[in-house]
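This is target15.txt. It holds compact mmCIF, C-alpha atoms.
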```
# COMPACT_ATOMS: atom_id res chain seq x y z
CA MET A 568 0.00 0.00 0.00
CA LYS A 569 1.08 3.60 -0.63
CA ILE A 570 3.50 5.04 1.92
CA ASN A 571 2.70 8.61 2.94
CA LYS A 572 5.30 10.96 4.41
CA ILE A 573 4.37 13.70 6.85
CA LYS A 574 6.32 16.29 8.80
CA SER A 575 6.22 16.47 12.57
CA ASN A 576 7.39 19.96 13.55
CA ALA A 577 9.11 20.86 16.80
CA LYS A 578 7.33 23.09 19.30
CA LEU A 579 8.74 26.10 21.14
CA ASN A 580 7.47 27.66 24.34
CA LEU A 581 8.14 31.33 23.64
CA ALA A 582 6.96 31.98 27.19
CA LEU A 583 5.60 29.77 29.95
CA ASN A 584 4.07 30.33 33.39
CA ILE A 585 3.04 27.89 36.12
CA THR A 586 -0.28 29.11 37.50
CA GLY A 587 -1.25 26.33 39.89
CA ARG A 588 -1.48 22.60 40.38
CA LYS A 589 -4.07 19.97 39.52
CA LYS A 590 -4.28 16.57 41.21
CA VAL A 591 -1.46 15.16 39.10
CA LEU A 592 -0.15 17.82 36.71
CA HIS A 593 0.63 21.50 37.05
CA LYS A 594 -1.54 24.16 35.46
CA ILE A 595 0.42 26.06 32.88
CA GLU A 596 -0.12 28.83 30.38
CA SER A 597 2.13 29.33 27.39
CA ILE A 598 2.77 31.28 24.22
CA ILE A 599 3.58 28.61 21.66
CA GLY A 600 5.25 28.61 18.27
CA PHE A 601 6.32 25.89 15.85
CA ILE A 602 9.51 25.79 13.81
CA ASP A 603 10.61 24.23 10.53
CA LEU A 604 12.78 21.67 12.35
CA HIS A 605 10.85 18.41 12.01
CA ASP A 606 10.88 14.64 12.26
CA VAL A 607 9.78 12.71 9.16
CA ILE A 608 7.01 10.15 9.55
CA SER A 609 6.31 7.44 6.96
CA ILE A 610 2.92 5.81 7.42
CA ASN A 611 0.83 3.29 5.53
CA GLN A 612 -1.96 0.84 6.20
CA HIS A 613 -0.89 -2.81 6.11
CA ASN A 614 -2.47 -6.26 6.33
CA GLY A 615 -0.79 -7.38 9.55
CA LYS A 616 -2.53 -8.15 12.80
CA LYS A 617 -0.66 -5.47 14.75
CA HIS A 618 0.56 -1.92 14.30
CA HIS A 619 4.29 -1.68 13.60
CA ILE A 620 6.03 1.43 14.95
CA SER A 621 9.76 1.96 14.53
CA PHE A 622 12.26 4.79 14.88
CA TYR A 623 15.57 5.56 13.19
CA GLY A 624 17.90 8.50 12.81
CA LYS A 625 20.23 10.49 15.01
CA PHE A 626 17.88 10.80 17.99
CA SER A 627 16.14 7.42 17.85
CA LYS A 628 18.27 5.76 20.53
CA ASN A 629 16.46 4.51 23.66
CA ILE A 630 12.94 5.13 22.38
CA GLY A 631 11.08 2.21 23.90
CA LYS A 632 7.96 0.31 22.90
CA LYS A 633 5.94 2.47 25.28
CA ASN A 634 6.07 5.66 23.21
CA THR A 635 3.49 8.31 22.35
CA VAL A 636 2.60 6.87 18.93
CA GLN A 637 2.10 3.43 20.42
CA ARG A 638 -0.15 4.94 23.10
CA LEU A 639 -2.15 6.76 20.43
CA PHE A 640 -2.87 3.56 18.51
CA GLN A 641 -3.64 1.77 21.77
CA ILE A 642 -6.45 4.17 22.62
CA LEU A 643 -7.72 4.38 19.03
CA ASP A 644 -8.04 0.59 19.03
CA LYS A 645 -9.68 0.61 22.45
CA GLU A 646 -12.25 3.13 21.22
CA ASN A 647 -12.68 1.08 18.00
CA LEU A 648 -12.08 4.20 15.92
CA LEU A 649 -9.80 2.44 13.44
CA LYS A 650 -12.26 -0.39 12.78
CA ASN A 651 -9.47 -2.99 12.92
CA LYS A 652 -7.26 -1.18 10.40
CA LYS A 653 -3.55 -1.61 11.16
CA PHE A 654 -0.69 0.73 10.29
CA LYS A 655 3.04 0.66 9.79
CA VAL A 656 4.82 3.77 11.02
CA LYS A 657 8.52 4.65 10.64
CA ILE A 658 9.80 7.85 12.21
CA LYS A 659 13.10 9.52 11.38
CA LYS A 660 14.07 11.36 14.55
CA LEU A 661 15.71 14.71 13.86
CA ILE A 662 14.36 16.34 17.04
CA PRO A 663 16.35 15.41 20.17
CA GLN A 664 14.71 13.82 23.19
CA GLU A 665 14.41 15.51 26.60
CA ALA A 666 14.91 18.83 24.86
CA GLY A 667 11.69 20.74 25.60
CA LEU A 668 10.78 20.63 21.90
CA GLY A 669 7.84 18.25 22.21
CA GLY A 670 9.24 15.76 19.72
CA GLY A 671 7.39 12.69 20.95
CA SER A 672 4.12 14.50 21.57
CA MET A 673 4.22 16.10 18.13
CA ASN A 674 4.85 12.68 16.54
CA ALA A 675 1.60 11.37 18.05
CA ALA A 676 -0.26 14.55 17.09
CA SER A 677 1.00 14.39 13.50
CA VAL A 678 -0.15 10.78 13.12
CA PHE A 679 -3.51 11.74 14.64
CA ASN A 680 -3.85 14.66 12.19
CA TYR A 681 -3.04 12.35 9.28
CA LEU A 682 -5.73 9.86 10.30
CA VAL A 683 -8.29 12.66 10.57
CA LYS A 684 -7.25 14.25 7.24
CA LYS A 685 -7.56 10.90 5.45
CA LYS A 686 -10.99 10.41 7.07
CA ILE A 687 -9.85 7.18 8.69
CA ILE A 688 -11.13 8.54 12.01
CA ASN A 689 -13.65 11.29 12.64
CA PRO A 690 -13.63 12.24 16.34
CA ASN A 691 -15.50 15.28 17.59
CA HIS A 692 -13.73 18.04 19.52
CA GLN A 693 -14.43 16.48 22.93
CA LYS A 694 -13.19 13.06 21.83
CA THR A 695 -10.08 14.60 20.23
CA ARG A 696 -9.25 16.37 23.48
CA SER A 697 -9.72 13.27 25.62
CA ILE A 698 -7.58 11.11 23.30
CA CYS A 699 -4.78 13.67 23.21
CA ASP A 700 -4.83 14.18 26.98
CA TRP A 701 -4.57 10.43 27.50
CA VAL A 702 -1.55 10.17 25.19
CA GLY A 703 0.33 13.18 26.61
CA SER A 704 -0.29 16.68 27.97
CA ASP A 705 1.29 18.45 24.95
CA VAL A 706 -0.29 16.35 22.21
CA ILE A 707 -3.37 18.55 21.76
CA LEU A 708 -1.06 21.45 20.79
CA GLY A 709 0.28 19.40 17.89
CA THR A 710 -3.21 18.96 16.45
CA ILE A 711 -3.14 22.73 15.90
CA SER A 712 0.54 22.86 14.85
CA SER A 713 0.46 26.64 14.54
CA SER A 714 1.10 29.70 16.70
CA CYS A 715 -1.28 29.57 19.64
CA VAL A 716 -1.79 30.57 23.24
CA LEU A 717 -2.54 27.99 25.90
CA SER A 718 -4.52 29.54 28.75
CA SER A 719 -4.32 28.23 32.30
CA SER A 720 -7.90 26.96 31.92
CA GLY A 721 -6.68 24.62 29.17
CA ARG A 722 -8.25 26.65 26.38
CA ILE A 723 -6.15 26.94 23.23
CA LYS A 724 -6.47 29.94 20.94
CA LYS A 725 -4.90 29.80 17.48
CA ILE A 726 -3.33 33.13 16.48
CA TYR A 727 -2.94 33.97 12.79
CA ASN A 728 -0.23 35.94 10.95
CA THR A 729 2.18 36.12 13.86
CA PRO A 730 5.69 37.60 13.53
CA LYS A 731 8.31 35.12 12.34
CA TYR A 732 11.62 34.70 14.13
CA TYR A 733 14.88 33.01 13.27
CA SER A 734 16.28 30.95 16.09
CA THR A 735 19.51 29.31 17.15
CA LEU A 736 18.74 26.23 19.20
CA VAL A 737 21.30 24.68 21.52
CA LYS A 738 21.05 21.44 23.46
CA PRO A 739 23.98 20.26 25.61
CA ASP A 740 25.04 16.65 25.98
CA PHE A 741 22.27 15.90 28.48
CA GLY A 742 18.52 16.20 28.68
CA CYS A 743 16.23 17.52 31.41
CA SER A 744 13.73 15.24 33.08
CA THR A 745 10.33 16.93 32.82
CA LYS A 746 9.22 15.17 36.01
CA LYS A 747 12.23 16.37 37.99
CA ILE A 748 11.95 19.97 36.78
CA TYR A 749 8.23 20.21 37.57
CA SER A 750 8.68 18.52 40.96
CA ALA A 751 10.86 21.46 42.03
CA VAL A 752 8.18 24.09 41.29
CA ARG A 753 7.35 26.00 44.47
CA LYS A 754 5.93 29.29 43.20
CA PHE A 755 2.93 30.00 41.02
CA THR A 756 2.28 32.98 38.75
CA LYS A 757 -0.99 34.83 38.34
CA SER A 758 -2.58 34.02 34.99
CA LYS A 759 -1.70 36.53 32.26
CA TYR A 760 -2.68 34.79 29.02
CA ASN A 761 -6.42 34.25 29.48
CA LYS A 762 -7.20 36.87 26.82
CA PRO A 763 -4.94 35.80 23.93
CA LYS A 764 -3.94 38.51 21.46
CA LYS A 765 -1.68 38.72 18.43
CA ASN A 766 0.59 41.27 20.14
CA MET A 767 1.67 38.52 22.57
CA PHE A 768 3.89 37.25 19.75
CA GLY A 769 5.55 40.63 19.26
CA VAL A 770 9.12 41.02 20.44
CA LYS A 771 8.28 43.89 22.82
CA TYR A 772 5.83 41.66 24.67
CA LEU A 773 7.96 38.52 24.62
CA ILE A 774 11.07 40.24 25.98
CA ASP A 775 9.19 40.93 29.21
CA GLN A 776 8.00 37.34 29.60
CA GLN A 777 9.71 34.29 31.08
CA ASN A 778 9.84 30.54 31.20
CA ALA A 779 8.99 29.83 34.83
CA LEU A 780 10.83 26.50 34.65
CA GLU A 781 14.08 28.09 33.52
CA THR A 782 15.29 29.23 36.93
CA ILE A 783 14.86 25.70 38.26
CA ALA A 784 16.66 24.12 35.30
CA LEU A 785 19.56 26.58 35.39
CA LYS A 786 20.04 25.93 39.11
CA LYS A 787 19.98 22.14 38.66
CA TYR A 788 22.20 22.23 35.58
CA PRO A 789 24.85 25.02 35.76
CA LYS A 790 25.94 24.22 32.18
CA LEU A 791 22.61 25.59 30.97
CA LYS A 792 23.30 28.92 32.65
CA LYS A 793 26.67 29.15 30.88
CA ILE A 794 25.02 28.40 27.54
CA LYS A 795 22.39 31.06 28.07
CA LEU A 796 24.91 33.71 29.10
CA PHE A 797 27.07 32.94 26.07
CA LEU A 798 24.13 33.11 23.66
CA GLU A 799 23.10 36.43 25.16
CA SER A 800 26.61 37.79 24.53
CA ILE A 801 26.81 37.05 20.79
CA ASN A 802 25.14 38.80 17.85
CA ASN A 803 22.59 40.77 19.92
CA PRO A 804 19.67 38.34 20.08
CA LEU A 805 16.18 39.73 20.65
CA PHE A 806 15.95 37.47 23.71
CA VAL A 807 17.24 34.09 24.88
CA ARG A 808 15.00 31.59 26.64
CA MET A 809 14.74 27.94 27.50
CA THR A 810 11.85 26.07 25.88
CA GLY A 811 9.62 23.74 27.88
CA SER A 812 11.39 21.98 30.73
CA GLY A 813 14.69 22.08 28.79
CA SER A 814 17.38 21.34 28.08
CA THR A 815 17.24 23.35 24.83
CA ILE A 816 18.10 27.05 25.05
CA VAL A 817 16.89 29.24 22.17
CA ALA A 818 18.23 32.58 20.96
CA TYR A 819 15.77 34.55 18.80
CA TYR A 820 16.66 36.92 15.95
CA ASN A 821 14.98 38.97 13.24
CA SER A 822 17.82 38.22 10.82
CA LEU A 823 18.82 34.87 9.31
CA LYS A 824 22.36 36.18 8.94
CA SER A 825 22.65 36.98 12.65
CA CYS A 826 21.15 33.61 13.48
CA LYS A 827 23.71 31.72 11.37
CA LEU A 828 26.60 33.80 12.75
CA ALA A 829 25.48 32.99 16.27
CA LYS A 830 25.47 29.29 15.42
CA ALA A 831 28.99 29.52 13.95
CA LYS A 832 30.33 31.32 17.03
CA PHE A 833 28.64 28.90 19.37
CA LYS A 834 30.01 25.85 17.55
CA ARG A 835 33.53 27.22 17.81
CA LYS A 836 33.23 27.30 21.60
CA TYR A 837 31.00 24.27 22.17
CA LYS A 838 31.91 21.81 19.42
CA ASN A 839 30.15 18.80 20.89
CA TYR A 840 26.77 20.36 21.60
CA TRP A 841 23.80 20.05 19.26
CA CYS A 842 23.19 23.40 17.61
CA VAL A 843 20.86 24.18 14.69
CA THR A 844 19.08 27.17 13.18
CA ALA A 845 15.37 27.22 12.48
CA LYS A 846 12.52 29.59 11.67
CA THR A 847 9.09 29.86 13.21
CA ILE A 848 6.27 28.84 10.87
```

Would you give me this structure, written as structure tokens?
Amino acid sequence: MKINKIKSNAKLNLALNITGRKKVLHKIESIIGFIDLHDVISINQHNGKKHHISFYGKFSKNIGKKNTVQRLFQILDKENLLKNKKFKVKIKKLIPQEAGLGGGSMNAASVFNYLVKKKIINPNHQKTRSICDWVGSDVILGTISSSCVLSSSGRIKKIYNTPKYYSTLVKPDFGCSTKKIYSAVRKFTKSKYNKPKKNMFGVKYLIDQQNALETIALKKYPKLKKIKLFLESINNPLFVRMTGSGSTIVAYYNSLKSCKLAKAKFKRKYKNYWCVTAKTI
């Protein structure tokens, strides 16, 4: 059967606040963008009795059988939404793990979007939300895969025609455990993003924002603080901020030239760290 290829774009938290705590998870609000860095997913229906999910590429190491795509198919089968159809999925991992870029969650969301687009499944909004929440807290954002604002209530507002930024992304030779970072949260911020507006994506607004998890991560991992300080010192970035729970630090620019120069300077100093340039989409 025909093999279809789809892109699974990385997610950036341009800003993030912790506004409270639920029974299990924390309540967050975030200004979210997506970039042209992406994994490549090959998917096709097959005649086997089981779904086959495999990973390859630079960042495929240590991805176990209990991954987000496997969980997605597990719940789709449980809800009988696939009507016994089985799929073969191969994912080329170009987005690093434990990076704060939502790679795994966006993989599941991209597969979900494909199944909806091809009319293989037709869940309503409520069912979509419940499936995504069961697979992973970030997955619902990938079903939008566009600039949006996540309010502390869980509401997601898509924002159109947002400013585009060039970015230099840096990840050191270690990842951050989301569970460990969140477990150290002691302070909450008053909600600020409950009335989403386009100007929230403007540089003047973003400069004054934060990632509330960054202070925790920089304290736990001093190398991250050194990376951030160095990025702030080269080529006059608009702002530098960690995404998600780390460990990726992102420097934002208006100019592709400045972005590439920053990458070159960074690689001269930190040769063994992952460093790429990307653009918001």

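Checking A:Gly769, A:Pro739, A:Gly670, A:Gly703 one by one against Ile794 in chain A, counting all atoms listed in the file, you find the shortest gap at A:Pro739.
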
CA of Asp705 in chain A to CA of Asn839 in chain A: how many Å, to one decimal? 29.1 Å

Taking (0.4, 35.1, 13.6) as a centre in this file's frame and 12 Å as the limit, can you find every polymer residue with an atom that close, using only C-alpha atoms, and give them as a VMD selection string? chain A and resid 598 to 601 713 to 716 724 to 732 763 to 769 847 to 848

Here is a test: counting all atoms listed in the file, which residue of A:Glu596, A:Lys836, A:Gly671, A:His613 is nearest to Gly631 in chain A? A:Gly671

Any idea what the distance is between CA of Ser750 in chain A and CA of Pro789 in chain A? 18.2 Å

For a quick check of your reading of the model, name the residues lying within 12 Å of the coordinate (-8.0, 7.3, 13.6), counting all atoms listed in the file, and write them as a ChimeraX atom specification. /A:612,636,639-654,675-691,694-695,698-699

If you count all atoms listed in the file, which residues fall within 9 Å of range 575-583 of chain A, apart from same-chain ones fewer than 5 positions away, as a VMD selection string? chain A and resid 595 to 608 662 667 to 670 673 to 678 708 to 709 712 768 773 776 to 780 808 to 811 817 847

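Among the candidates A:Glu799, A:Thr844, A:Lys628, A:Met568, the one nearest to Asn614 in chain A when counting all atoms listed in the file is A:Met568.
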
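Separating CA of Lys617 in chain A from CA of Lys659 in chain A is a distance of 20.6 Å.
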
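Restricting the calculation to all atoms listed in the file, the smallest distance between Gln664 in chain A and any of A:Trp701, A:Phe622, A:Phe797, A:Phe741 is found for A:Phe741.
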
Write out as lines of an AutoDock Vina configuration file an axis-aligned box for range 608-618 of chain A: all of its atoms listed in the file, 8 Å added on each side, centre and edge lengths in Å with one decimal.
```
center_x = 2.2
center_y = 1.0
center_z = 10.1
size_x = 25.5
size_y = 34.3
size_z = 25.2
```

Selected residue, from A:Ala818, A:Cys743, A:Ala829, A:Ile707, that lies nearest to Tyr788 in chain A when counting all atoms listed in the file: A:Cys743

Which neighbours of Thr756 in chain A fall inside 9 Å, counting all atoms listed in the file, when residues of the same chain fewer than 5 positions from it are skipped, and could you give them as a ChimeraX atom specification? /A:584-587,779

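The smallest atom-to-atom distance between Ile610 in chain A and any of A:Leu592, A:Ser627, A:Thr635, A:Val656, using only C-alpha atoms, is found for A:Val656.
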
Will you model all heavy atoms for range 584-595 of chain A and pass it back as a PDB file, in the frame of the given file?
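File written: result_24.pdb
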```
ATOM      1  N   ASN A 584       4.301  30.064  31.970  1.00  0.00           N
ATOM      2  CA  ASN A 584       4.070  30.330  33.390  1.00  0.00           C
ATOM      3  C   ASN A 584       3.410  29.124  34.048  1.00  0.00           C
ATOM      4  O   ASN A 584       2.622  28.417  33.417  1.00  0.00           O
ATOM      5  CB  ASN A 584       3.158  31.551  33.580  1.00  0.00           C
ATOM      6  CG  ASN A 584       3.799  32.832  33.106  1.00  0.00           C
ATOM      7  OD1 ASN A 584       4.986  33.062  33.327  1.00  0.00           O
ATOM      8  ND2 ASN A 584       3.035  33.672  32.431  1.00  0.00           N
ATOM      9  N   ILE A 585       3.714  28.900  35.313  1.00  0.00           N
ATOM     10  CA  ILE A 585       3.040  27.890  36.120  1.00  0.00           C
ATOM     11  C   ILE A 585       2.036  28.623  36.995  1.00  0.00           C
ATOM     12  O   ILE A 585       2.411  29.469  37.811  1.00  0.00           O
ATOM     13  CB  ILE A 585       4.020  27.108  37.016  1.00  0.00           C
ATOM     14  CG1 ILE A 585       5.226  26.614  36.214  1.00  0.00           C
ATOM     15  CG2 ILE A 585       3.311  25.940  37.691  1.00  0.00           C
ATOM     16  CD1 ILE A 585       4.910  25.622  35.145  1.00  0.00           C
ATOM     17  N   THR A 586       0.760  28.323  36.818  1.00  0.00           N
ATOM     18  CA  THR A 586      -0.280  29.110  37.500  1.00  0.00           C
ATOM     19  C   THR A 586      -0.961  28.358  38.642  1.00  0.00           C
ATOM     20  O   THR A 586      -1.790  28.921  39.349  1.00  0.00           O
ATOM     21  CB  THR A 586      -1.360  29.550  36.488  1.00  0.00           C
ATOM     22  OG1 THR A 586      -1.973  28.379  35.911  1.00  0.00           O
ATOM     23  CG2 THR A 586      -0.747  30.394  35.380  1.00  0.00           C
ATOM     24  N   GLY A 587      -0.624  27.097  38.828  1.00  0.00           N
ATOM     25  CA  GLY A 587      -1.250  26.330  39.890  1.00  0.00           C
ATOM     26  C   GLY A 587      -0.957  24.857  39.727  1.00  0.00           C
ATOM     27  O   GLY A 587      -0.085  24.466  38.947  1.00  0.00           O
ATOM     28  N   ARG A 588      -1.700  24.055  40.438  1.00  0.00           N
ATOM     29  CA  ARG A 588      -1.480  22.600  40.380  1.00  0.00           C
ATOM     30  C   ARG A 588      -2.814  21.872  40.384  1.00  0.00           C
ATOM     31  O   ARG A 588      -3.730  22.212  41.145  1.00  0.00           O
ATOM     32  CB  ARG A 588      -0.634  22.152  41.572  1.00  0.00           C
ATOM     33  CG  ARG A 588      -0.231  20.688  41.507  1.00  0.00           C
ATOM     34  CD  ARG A 588       0.698  20.310  42.650  1.00  0.00           C
ATOM     35  NE  ARG A 588       0.985  18.892  42.635  1.00  0.00           N
ATOM     36  CZ  ARG A 588       1.976  18.336  41.925  1.00  0.00           C
ATOM     37  NH1 ARG A 588       2.767  19.105  41.209  1.00  0.00           N
ATOM     38  NH2 ARG A 588       2.185  17.049  41.946  1.00  0.00           N
ATOM     39  N   LYS A 589      -2.921  20.860  39.525  1.00  0.00           N
ATOM     40  CA  LYS A 589      -4.070  19.970  39.520  1.00  0.00           C
ATOM     41  C   LYS A 589      -3.751  18.797  40.438  1.00  0.00           C
ATOM     42  O   LYS A 589      -2.754  18.819  41.169  1.00  0.00           O
ATOM     43  CB  LYS A 589      -4.357  19.481  38.107  1.00  0.00           C
ATOM     44  CG  LYS A 589      -4.544  20.587  37.078  1.00  0.00           C
ATOM     45  CD  LYS A 589      -4.702  19.982  35.691  1.00  0.00           C
ATOM     46  CE  LYS A 589      -4.668  21.056  34.628  1.00  0.00           C
ATOM     47  NZ  LYS A 589      -4.729  20.495  33.253  1.00  0.00           N
ATOM     48  N   LYS A 590      -4.543  17.744  40.384  1.00  0.00           N
ATOM     49  CA  LYS A 590      -4.280  16.570  41.210  1.00  0.00           C
ATOM     50  C   LYS A 590      -2.949  15.927  40.851  1.00  0.00           C
ATOM     51  O   LYS A 590      -2.187  15.511  41.718  1.00  0.00           O
ATOM     52  CB  LYS A 590      -5.419  15.546  41.050  1.00  0.00           C
ATOM     53  CG  LYS A 590      -6.714  15.966  41.723  1.00  0.00           C
ATOM     54  CD  LYS A 590      -7.764  14.879  41.598  1.00  0.00           C
ATOM     55  CE  LYS A 590      -9.061  15.281  42.292  1.00  0.00           C
ATOM     56  NZ  LYS A 590     -10.106  14.223  42.155  1.00  0.00           N
ATOM     57  N   VAL A 591      -2.675  15.831  39.547  1.00  0.00           N
ATOM     58  CA  VAL A 591      -1.460  15.160  39.100  1.00  0.00           C
ATOM     59  C   VAL A 591      -0.500  16.148  38.443  1.00  0.00           C
ATOM     60  O   VAL A 591       0.672  16.228  38.798  1.00  0.00           O
ATOM     61  CB  VAL A 591      -1.783  14.020  38.105  1.00  0.00           C
ATOM     62  CG1 VAL A 591      -0.497  13.344  37.628  1.00  0.00           C
ATOM     63  CG2 VAL A 591      -2.720  13.007  38.749  1.00  0.00           C
ATOM     64  N   LEU A 592      -0.996  16.910  37.481  1.00  0.00           N
ATOM     65  CA  LEU A 592      -0.150  17.820  36.710  1.00  0.00           C
ATOM     66  C   LEU A 592      -0.247  19.250  37.212  1.00  0.00           C
ATOM     67  O   LEU A 592      -1.163  19.605  37.963  1.00  0.00           O
ATOM     68  CB  LEU A 592      -0.552  17.771  35.230  1.00  0.00           C
ATOM     69  CG  LEU A 592      -0.457  16.404  34.536  1.00  0.00           C
ATOM     70  CD1 LEU A 592      -1.051  16.494  33.141  1.00  0.00           C
ATOM     71  CD2 LEU A 592       0.980  15.931  34.479  1.00  0.00           C
ATOM     72  N   HIS A 593       0.703  20.072  36.768  1.00  0.00           N
ATOM     73  CA  HIS A 593       0.630  21.500  37.050  1.00  0.00           C
ATOM     74  C   HIS A 593      -0.233  22.205  36.012  1.00  0.00           C
ATOM     75  O   HIS A 593      -0.379  21.732  34.884  1.00  0.00           O
ATOM     76  CB  HIS A 593       2.039  22.110  37.033  1.00  0.00           C
ATOM     77  CG  HIS A 593       2.869  21.739  38.222  1.00  0.00           C
ATOM     78  ND1 HIS A 593       3.545  20.544  38.323  1.00  0.00           N
ATOM     79  CD2 HIS A 593       3.133  22.414  39.376  1.00  0.00           C
ATOM     80  CE1 HIS A 593       4.173  20.485  39.474  1.00  0.00           C
ATOM     81  NE2 HIS A 593       3.960  21.607  40.135  1.00  0.00           N
ATOM     82  N   LYS A 594      -0.804  23.322  36.406  1.00  0.00           N
ATOM     83  CA  LYS A 594      -1.540  24.160  35.460  1.00  0.00           C
ATOM     84  C   LYS A 594      -0.546  25.137  34.844  1.00  0.00           C
ATOM     85  O   LYS A 594       0.161  25.844  35.568  1.00  0.00           O
ATOM     86  CB  LYS A 594      -2.651  24.924  36.191  1.00  0.00           C
ATOM     87  CG  LYS A 594      -3.753  24.037  36.733  1.00  0.00           C
ATOM     88  CD  LYS A 594      -4.725  24.823  37.592  1.00  0.00           C
ATOM     89  CE  LYS A 594      -5.499  25.835  36.785  1.00  0.00           C
ATOM     90  NZ  LYS A 594      -6.514  26.544  37.616  1.00  0.00           N
ATOM     91  N   ILE A 595      -0.496  25.148  33.536  1.00  0.00           N
ATOM     92  CA  ILE A 595       0.420  26.060  32.880  1.00  0.00           C
ATOM     93  C   ILE A 595      -0.317  26.930  31.870  1.00  0.00           C
ATOM     94  O   ILE A 595      -1.431  26.619  31.446  1.00  0.00           O
ATOM     95  CB  ILE A 595       1.572  25.318  32.159  1.00  0.00           C
ATOM     96  CG1 ILE A 595       1.054  24.594  30.907  1.00  0.00           C
ATOM     97  CG2 ILE A 595       2.271  24.351  33.098  1.00  0.00           C
ATOM     98  CD1 ILE A 595       2.156  24.100  29.993  1.00  0.00           C
TER      99      ILE A 595
END
```
